[in-house]
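Participant: Shown below is the structure under consideration.
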Amino acid sequence: TTPLDLAVIGGDGIGPEVTAEAVKVLRAATEAVGDAEITTTDYSLGAAHWLATGETLTDETLDRLRGHDAILFGAVGAAPNDTRIPSGLIERDLLLKLRFTLDHGVNLRPSRLYPGVVSPLSAPGDIDFVVVREGTEGPYVGNGGAIRTGTPQEIATEVSVNTAFGVERVVRHAFALAAGRPRQHVTLVHKHNVLVHAGHLWRRTVEAVAAEYPQVSHDYMHVDAATIFLTTDPARFDVIVTDNLFGDILTDLAAAVTGGIGLAASGNVNIAGSAPSMFEPVHGSAPDIAGQQKADPTAAILSSALLLEQAGRAEAARRVNEAVWSDLAERATAGGQSVSRSTAQVGDDIAGRL
Ligand code: NAD
Ligand code: IPM
Ligand code: MN
């Protein structure tokens with residue numbers, strides 16, 4: 001291997017706490033398998049940084065970020081009741097700006113019920129699916145506005161943008177991914193009975209790409225029905241491909257049924273390799289538990305395994321996943337998820353298993 005040069009954006013709240021553990025585990029895995037070293041550069045960004053400097057993400061910082069091999073991201077955002085920070089400012093001008101500018105068209109969000117982990121479902125079955133979420137389009141693009149604000153005649157729009165390019169890119173990725181999995185199945189989740197224009201583009205694209213993958217079966221589910229099956233029979237899913245907003249919502253639900261948001265990892269992937277990909281837990285800055293070493297760093301650690309995989313360091317990735325699985329299994333024998341260890345202790349224990 002060649003050295004791996006990472007940017008680390010801890011962010012706000014529990015973000016820096018969980019990313020510190022991910023870096024700890026990355027280093028331990030690298031050493032354990034004898035890979036070339038990992039160098040890290042910390043970037044101070046997020047709500048706290050904005051309060052201190054008035055900056056969300058400058059062009060200069062963005063240029064520096066582009067120069068790294070990959071980005072490890074914690075979480076950003078203020079507490080919902082923090083009136084000093086306009087809602088959406090940090091999310092849009094920092095996190096989404098990164099995903100959009102670095103062209104993270106494919107957002108991979110695996111969901112697995114790991115052995116020993118307790119699901120809130122009474123009969124969860126063997127849950128192992130991946131949500132392939134579009135990452136740069138949909139209602140997230142900021143195409144909208146409001147007129148007559150504050151009057152009874154106010155009209156607010158938030159237009160969902162779906163391009164043939166963006167949809168095909170993510171659908172292709174979903175089929176390629178499914179082709180390499182045992183069950184070889186793709187489910188398109190949308191709402192084409194109401195969102196007919198975008199829905200038809202997604203459906204046609206899936207049909208066209210499916211024709212190139214005769215070995216991969218596929219079906220379709222409206223998003224409302226998908227929430228039923230994700231709670232009554234989540235084990236039926238293999239690869240779900242969906243748009244940016246549906247994917248956001250479904251992956252919090254998927255996290256909840258597979259043992260909690262503290263275990264859910266994600267990768268924002270630039271599949272063309274034209275800019276660094278970015279790996280982050282699905283969860284946010286959790287202001288309610290920030291600064292107390294109460295956060296579970298497992299999601300951030302599993303995200304760093306996705307980073308290693310993407311960087312071509314398959315053996316190190318495998319070792320991190322294995323270390324996490326055995327830690328989770330031991331949590332179960334030690335009395336379940338209520339077992340209290342500090343964030344740093346969980347990181348130490350997982351690193352220790354490498
Ligand atoms: P959240 O994910 O931060 O928290 C939801 C609940 O899950 C809270 O009770 C929290 O304590 C718990 N939780 C989250 N991560 C946990 C962990 N690792 N271990 C244990 N418990 C955990 O969602 P929210 O409260 O809606 O959002 C808080 C802020 O984070 C907002 O400003 C939001 O915009 C932002 N946010 C950022 C990202 C991101 O940076 N990728 C993602 C989601 C939300
Ligand atoms: C996520 C988050 C983000 C999203 C927000 C904070 C912009 O909820 O990563 O799931 O909606 O994508
Ligand atoms: Mn989300």
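By order of appearance in the structure tokens: chains A, B, ..., then residues from 1 within every chain, and ligands from 1 in the order shown.
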Quick one: which chain A residues come within 6 Å of ligand 1, and what is the nearest atom pair for each with the distance in Å to one decimal, counting only C-alpha atoms and all ligand atoms, rows ordered by chain and ascending number, as a tab-separated table?
Facilitator:
```
residue	atom	partner	partner_atom_place_in_ligand_line	distance
A:Ala75	CA	ligand 1	40 (O)	3.3
A:Val76	CA	ligand 1	40 (O)	4.0
A:Gly77	CA	ligand 1	32 (O)	3.3
A:Ala78	CA	ligand 1	32 (O)	4.1
A:Ala79	CA	ligand 1	32 (O)	5.3
A:Pro80	CA	ligand 1	32 (O)	6.0
A:Glu91	CA	ligand 1	34 (O)	6.0
A:Ile261	CA	ligand 1	15 (N)	5.7
A:Gly262	CA	ligand 1	18 (N)	3.8
A:Val282	CA	ligand 1	42 (C)	5.9
A:His283	CA	ligand 1	2 (O)	3.7
A:Gly284	CA	ligand 1	3 (O)	3.2
A:Ser285	CA	ligand 1	30 (O)	4.1
A:Ala286	CA	ligand 1	3 (O)	3.3
A:Asp288	CA	ligand 1	11 (O)	5.3
A:Ile289	CA	ligand 1	11 (O)	5.2
A:Ala295	CA	ligand 1	19 (N)	3.7
A:Asp296	CA	ligand 1	19 (N)	3.8
A:Pro297	CA	ligand 1	18 (N)	5.5
```
Participant: Which residues of chain A sit at most 9 Å from ligand 3, using only C-alpha atoms and all ligand atoms? Give each one's shortest atom pair and distance in Å (one decimal place), in chain and ascending residue order, as JSON lines.
Facilitator:
```
{"residue": "A:Leu245", "atom": "CA", "partner": "ligand 3", "partner_atom_place_in_ligand_line": "1 (Mn)", "distance": 8.6}
{"residue": "A:Gly247", "atom": "CA", "partner": "ligand 3", "partner_atom_place_in_ligand_line": "1 (Mn)", "distance": 8.3}
{"residue": "A:Asp248", "atom": "CA", "partner": "ligand 3", "partner_atom_place_in_ligand_line": "1 (Mn)", "distance": 4.6}
{"residue": "A:Ile249", "atom": "CA", "partner": "ligand 3", "partner_atom_place_in_ligand_line": "1 (Mn)", "distance": 6.3}
{"residue": "A:Leu250", "atom": "CA", "partner": "ligand 3", "partner_atom_place_in_ligand_line": "1 (Mn)", "distance": 8.7}
{"residue": "A:Thr251", "atom": "CA", "partner": "ligand 3", "partner_atom_place_in_ligand_line": "1 (Mn)", "distance": 7.1}
{"residue": "A:Asp252", "atom": "CA", "partner": "ligand 3", "partner_atom_place_in_ligand_line": "1 (Mn)", "distance": 6.3}
{"residue": "A:Val282", "atom": "CA", "partner": "ligand 3", "partner_atom_place_in_ligand_line": "1 (Mn)", "distance": 6.1}
{"residue": "A:His283", "atom": "CA", "partner": "ligand 3", "partner_atom_place_in_ligand_line": "1 (Mn)", "distance": 6.5}
{"residue": "A:Gly284", "atom": "CA", "partner": "ligand 3", "partner_atom_place_in_ligand_line": "1 (Mn)", "distance": 7.4}
```
Participant: Given the selection you just returned, output its residues as a file containing N, CA and C atoms, formatted as an mmCIF file, in the first residue's frame.
Facilitator:
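Written output follows (out36.cif):
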```cif
data_model
loop_
_atom_site.group_PDB
_atom_site.id
_atom_site.type_symbol
_atom_site.label_atom_id
_atom_site.label_comp_id
_atom_site.auth_asym_id
_atom_site.auth_seq_id
_atom_site.Cartn_x
_atom_site.Cartn_y
_atom_site.Cartn_z
ATOM 1 N N LEU A 245 -33.842 12.181 -0.341
ATOM 2 C CA LEU A 245 -34.680 12.379 0.847
ATOM 3 C C LEU A 245 -35.255 11.062 1.380
ATOM 4 N N GLY A 247 -33.963 8.221 1.034
ATOM 5 C CA GLY A 247 -32.814 7.490 1.578
ATOM 6 C C GLY A 247 -32.430 7.990 2.959
ATOM 7 N N ASP A 248 -32.551 9.280 3.166
ATOM 8 C CA ASP A 248 -32.251 9.848 4.488
ATOM 9 C C ASP A 248 -33.191 9.261 5.530
ATOM 10 N N ILE A 249 -34.464 9.282 5.220
ATOM 11 C CA ILE A 249 -35.482 8.837 6.187
ATOM 12 C C ILE A 249 -35.387 7.332 6.424
ATOM 13 N N LEU A 250 -35.277 6.578 5.326
ATOM 14 C CA LEU A 250 -35.245 5.114 5.466
ATOM 15 C C LEU A 250 -34.027 4.637 6.249
ATOM 16 N N THR A 251 -32.910 5.375 6.153
ATOM 17 C CA THR A 251 -31.708 4.873 6.837
ATOM 18 C C THR A 251 -31.723 5.156 8.336
ATOM 19 N N ASP A 252 -32.450 6.149 8.792
ATOM 20 C CA ASP A 252 -32.636 6.292 10.250
ATOM 21 C C ASP A 252 -33.537 5.165 10.755
ATOM 22 N N VAL A 282 -24.212 7.816 10.281
ATOM 23 C CA VAL A 282 -25.508 8.323 9.826
ATOM 24 C C VAL A 282 -26.065 9.351 10.823
ATOM 25 N N HIS A 283 -25.672 9.221 12.076
ATOM 26 C CA HIS A 283 -26.234 10.096 13.113
ATOM 27 C C HIS A 283 -25.696 11.522 13.057
ATOM 28 N N GLY A 284 -26.319 12.388 13.857
ATOM 29 C CA GLY A 284 -25.911 13.782 13.917
ATOM 30 C C GLY A 284 -25.063 14.082 15.138
#
```
Participant: Would you mind reading off the distance between atom CA of Val171 of chain A and atom CA of Val209 of chain A, one decimal, in Å?
Facilitator: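 Between these atoms lies a distance of 7.3 Å.
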Participant: Using only C-alpha atoms, which residues of segment 61-81 of chain A come within 10 Å of segment 101-125 of chain A, and what is the closest atom pair for each, with the distance in Å to one decimal? Give it as CSV, sorted by chain and residue number.
Facilitator:
```
residue,atom,partner,partner_atom,distance
A:Leu62,CA,A:Thr101,CA,8.7
A:Leu65,CA,A:Leu102,CA,9.4
A:Arg66,CA,A:Leu102,CA,7.7
```
Participant: Which neighbours of His200 of chain A fall inside 12 Å, counting only C-alpha atoms, when residues of the same chain fewer than 4 positions from it are skipped, and could you give them as a PyMOL selection string?
Facilitator: chain A and resi 162-164+167+188+190-196+204-207+220
